[in-house]
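Report on the structure given below.
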Amino acid sequence: MSETYYDPKDLKNFKKITDWSEPLGTRFFEYYSKVFEEGALSAREKSLIALAVSHVVKCPYCIDAYTKDGLQRGITEEEMMEAVHAGAAIESGATLVHAVQMMNKHKKLSH
Amino acid sequence: MAKSSLQRSKHLLADPKQQLQVLSSGPFSSGALPTFSDRLKGLNVELKTDKLEILQVNLGYMCNQTCAHCHVDAGPDRKEIMSSDTIDQVIDAIGRFRPNTLDLTGGAPEMNPEFQRLIRAAVSLSVKDIIVRSNLTILESNNDYKNYPQFFKENGVHVVSSLPHYSMRTTDRQRGEGVFSKSITALKRLNELGYGREKHLKLDLVYNPSGAFLPGSEKELEADFKRKLKADFDIDFNELFCITNLPISRFLEYLMATENYEEYMETLVEAFNPSTLYGLMCRNTLSVGYDGSLYDCDFNQMLQIPILGDKRYLADLESSAYSNRKINVHQHCYGCTAGSGSSCQGSIS
């Protein structure tokens with residue numbers, strides 16, 4: 001069996017990060033759960049944002065967690081995929097906008 | 001959607017004994033997960049029946065649909081159906097037990113030829129809440145069944161209908177191609193008759209997850225269903241019941257085939273919520289099989305786990321024998337105690 005750096009079972013041990021730094025870990029998890037409560041945005045909307053960001057930061061644990069979270073909330077496949085595209089569009093836009101820098105530098109160095 | 005029942009395809013898991021074997025082995029025999037019975041012992045709880053309120057009657061396993069996750073393994077190829085004699089026993093038992101609720105299920109309960117007779121008898125015996133668990137598409141399948149919504153209205157029947165999702169894709173994948181459109185047509189017709197709109201004509205929907213995950217918040221899902229069905233189809237309904245998929249029959253087969261079984265059982269066990277124990281449906285329900293046999297719930301019926309005691313048929317059970325009877329449990333019971341809990345009336349806590 002091949003080994004990989006990522007083991008899906010590690011997600012269940014996430015809370016153990018408090019073992020090595022209890023105050024910071026505890027505060028992080030309190031903050032995390034507060035962030036995803038209903039607020040000006042619904043918990044459903046936040047779940048879709050989290051799914052999009054999970055893809056942008058390429059976190060396999062987060063992708064598993066927020067796909068499952070979306071399913072439990074009844075979020076449709078179309079909504080999930082559109083959220084990922086929104087994240088992907090920002091990510092690719094962030095790359096492409098640097099082309100302006102390339103063009104500026106090119107213009108400055110060439111004639 | 002499944003192509004045929006497990007029984008028709010001669011699948012090993014068509015046999016309840018094989019299902020119980022699966023539920024007894026793996027993480028439960030290795031000790032990785034506690035059995036349900038051990039979990040109760042750890043809490044010093046013994047599940048017992050309270051007062052009988054719901055008589056849930058399975059009128060047969062025949063159904064016009066073959067849904068992917070059906071815990072009954074129902075379908076057009078199933079021939080088990082409640083006989084006229086057994087219907088008589090049910091009517092007699094309603095008089096003896098005086099339940100508040102008669103909950104008719106199947107298969108498609110409408111396909112039993114004695115269906116209307118039983119409902120009329122229940123009305124004459126003043127049963128407060130007569131529930132029909134309708135798959136909706138049966139009401140659109142031919143001219144005879146198309147008259148049923150009117151019959152429901154005339155008899156004040158409470159309609160509880162399965163609709164796994166407000167999106168066509170998710171619903172059709174679980175219940176079969178074309179099911180969503182037919183269900184919407186049936187719901188519109190029920191609405192036109194006043195169901196879901198007039199106070200005394202209750203129309204509830206049942207949501208169950210379309211895969212190996214637990215249902216989310218019933219309140220939030222209900223709000224989404226109401227918003228979407230109203231906006232897209234002008235459909236109204238009363239309540240949404242969220243029901244957890246229990247690891248039996250076709251859903252167990254799905255879990256095994258997709259290698260989701262152990263993770264799903266872990267999820268159920270980790271989500272065990274002791275506060276649900278007091279609201280479990282098995283504490284106030286008596287489940288009657290198509291042959292008059294008795295069970296603590298519909299799921300035990302499908303696993304052929306009978307009620308404890310020597311009176312295992314409806315005709316033999318006296319009303320006084322219902323209360324304070326120990327309930328037969330197994331690992332599938334984790335499905336009813338996970339998270340907010342699950343019953344035929346949706347979440348528990």
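In the structure tokens, each chain is lettered A, B, ... as it comes, each chain's residues begin at 1, and ligands are numbered from 1 in order of appearance.
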Requested in this report: Could you give me, as a ChimeraX atom specification, each residue of region 134-317 of chain B that DSSP assigns to alpha helix (DSSP H) when run on this structure's backbone?
Outcome: /B:143-146,148-154,168-175,179-192,218-233,249-257,261-270,298-302
Query raised in the report: Please, which residues of chain A lie no more than 9 Å from chain B when the count uses only C-alpha atoms, and can they be set out as an MDAnalysis selection string?
Result: chainID A and resid 44 68:74 76:77
Take the residues that were just selected and, keeping N, CA and C atoms, output them as a CSV table (one decimal), in the first residue's frame.
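Okay, this is what ended up in part.csv:
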```csv
chain,number,residue,atom,x,y,z
A,44,ARG,N,-25.1,28.5,5.7
A,44,ARG,CA,-25.0,27.9,4.4
A,44,ARG,C,-24.1,28.6,3.5
A,68,LYS,N,-18.7,17.4,2.6
A,68,LYS,CA,-19.7,16.7,3.5
A,68,LYS,C,-20.6,17.7,4.1
A,69,ASP,N,-20.1,18.8,4.6
A,69,ASP,CA,-20.9,19.8,5.2
A,69,ASP,C,-22.0,20.3,4.2
A,70,GLY,N,-21.5,20.5,3.0
A,70,GLY,CA,-22.5,21.0,2.0
A,70,GLY,C,-23.6,20.0,1.7
A,71,LEU,N,-23.2,18.7,1.6
A,71,LEU,CA,-24.2,17.7,1.4
A,71,LEU,C,-25.2,17.7,2.6
A,72,GLN,N,-24.7,17.8,3.8
A,72,GLN,CA,-25.6,17.7,4.9
A,72,GLN,C,-26.6,18.9,4.9
A,73,ARG,N,-26.1,20.0,4.4
A,73,ARG,CA,-27.0,21.2,4.3
A,73,ARG,C,-27.9,21.2,3.1
A,74,GLY,N,-27.7,20.2,2.3
A,74,GLY,CA,-28.6,20.1,1.1
A,74,GLY,C,-28.1,21.0,-0.1
A,76,THR,N,-26.5,22.0,-3.4
A,76,THR,CA,-26.6,21.2,-4.6
A,76,THR,C,-25.2,21.1,-5.3
A,77,GLU,N,-25.0,20.2,-6.2
A,77,GLU,CA,-23.8,20.0,-6.9
A,77,GLU,C,-23.4,21.3,-7.7
```
**Report entry** Coordinates-based distance that separates CA of Ala14 (chain B) from CA of Met168 (chain B) (Å, one decimal)
**Finding:**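 Those two atoms sit 29.1 Å apart.
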Neighbour list for region 288-290 of chain B as a PDB file with N, CA and C atoms, in the first residue's frame, cut-off 7 Å, only C-alpha atoms, skip fewer than 3 positions in-chain:
```
ATOM      1  N   GLN B  56     -47.932   1.406  13.502  1.00  0.00           N
ATOM      2  CA  GLN B  56     -47.363   1.568  12.163  1.00  0.00           C
ATOM      3  C   GLN B  56     -47.511   0.246  11.415  1.00  0.00           C
ATOM      4  N   VAL B  57     -48.232   0.302  10.306  1.00  0.00           N
ATOM      5  CA  VAL B  57     -48.591  -0.937   9.610  1.00  0.00           C
ATOM      6  C   VAL B  57     -47.967  -0.953   8.223  1.00  0.00           C
ATOM      7  N   ASN B  58     -47.214  -2.001   7.956  1.00  0.00           N
ATOM      8  CA  ASN B  58     -46.626  -2.169   6.625  1.00  0.00           C
ATOM      9  C   ASN B  58     -47.578  -2.997   5.775  1.00  0.00           C
ATOM     10  N   LEU B  59     -48.149  -2.354   4.756  1.00  0.00           N
ATOM     11  CA  LEU B  59     -49.178  -3.030   3.951  1.00  0.00           C
ATOM     12  C   LEU B  59     -48.594  -3.909   2.844  1.00  0.00           C
ATOM     13  N   GLY B  60     -47.291  -3.953   2.742  1.00  0.00           N
ATOM     14  CA  GLY B  60     -46.670  -4.834   1.743  1.00  0.00           C
ATOM     15  C   GLY B  60     -45.430  -4.211   1.154  1.00  0.00           C
ATOM     16  N   ILE B  81     -47.676  -8.925   0.465  1.00  0.00           N
ATOM     17  CA  ILE B  81     -48.731  -7.928   0.642  1.00  0.00           C
ATOM     18  C   ILE B  81     -49.652  -8.353   1.786  1.00  0.00           C
ATOM     19  N   MET B  82     -50.165  -7.390   2.525  1.00  0.00           N
ATOM     20  CA  MET B  82     -51.032  -7.733   3.659  1.00  0.00           C
ATOM     21  C   MET B  82     -52.376  -8.257   3.157  1.00  0.00           C
ATOM     22  N   SER B 293     -47.031  -9.934  11.900  1.00  0.00           N
ATOM     23  CA  SER B 293     -45.972 -10.103  12.908  1.00  0.00           C
ATOM     24  C   SER B 293     -45.603  -8.735  13.496  1.00  0.00           C
ATOM     25  N   LEU B 294     -45.049  -8.756  14.710  1.00  0.00           N
ATOM     26  CA  LEU B 294     -44.846  -7.506  15.462  1.00  0.00           C
ATOM     27  C   LEU B 294     -43.371  -7.183  15.705  1.00  0.00           C
ATOM     28  N   TYR B 295     -43.077  -5.901  15.632  1.00  0.00           N
ATOM     29  CA  TYR B 295     -41.692  -5.439  15.786  1.00  0.00           C
ATOM     30  C   TYR B 295     -41.682  -4.116  16.542  1.00  0.00           C
ATOM     31  N   GLN B 301     -38.315  -4.666  11.781  1.00  0.00           N
ATOM     32  CA  GLN B 301     -39.153  -5.528  10.939  1.00  0.00           C
ATOM     33  C   GLN B 301     -38.351  -6.031   9.729  1.00  0.00           C
TER      34      GLN B 301
END
```
Query raised in the report: Could you work out how far CA of Val22 (chain B) lies from CA of Lys12 (chain A), giving the answer in Å with one decimal?
Result: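 Spanning CA of Lys12 (chain A) to CA of Val22 (chain B) is a straight-line distance of 24.7 Å.
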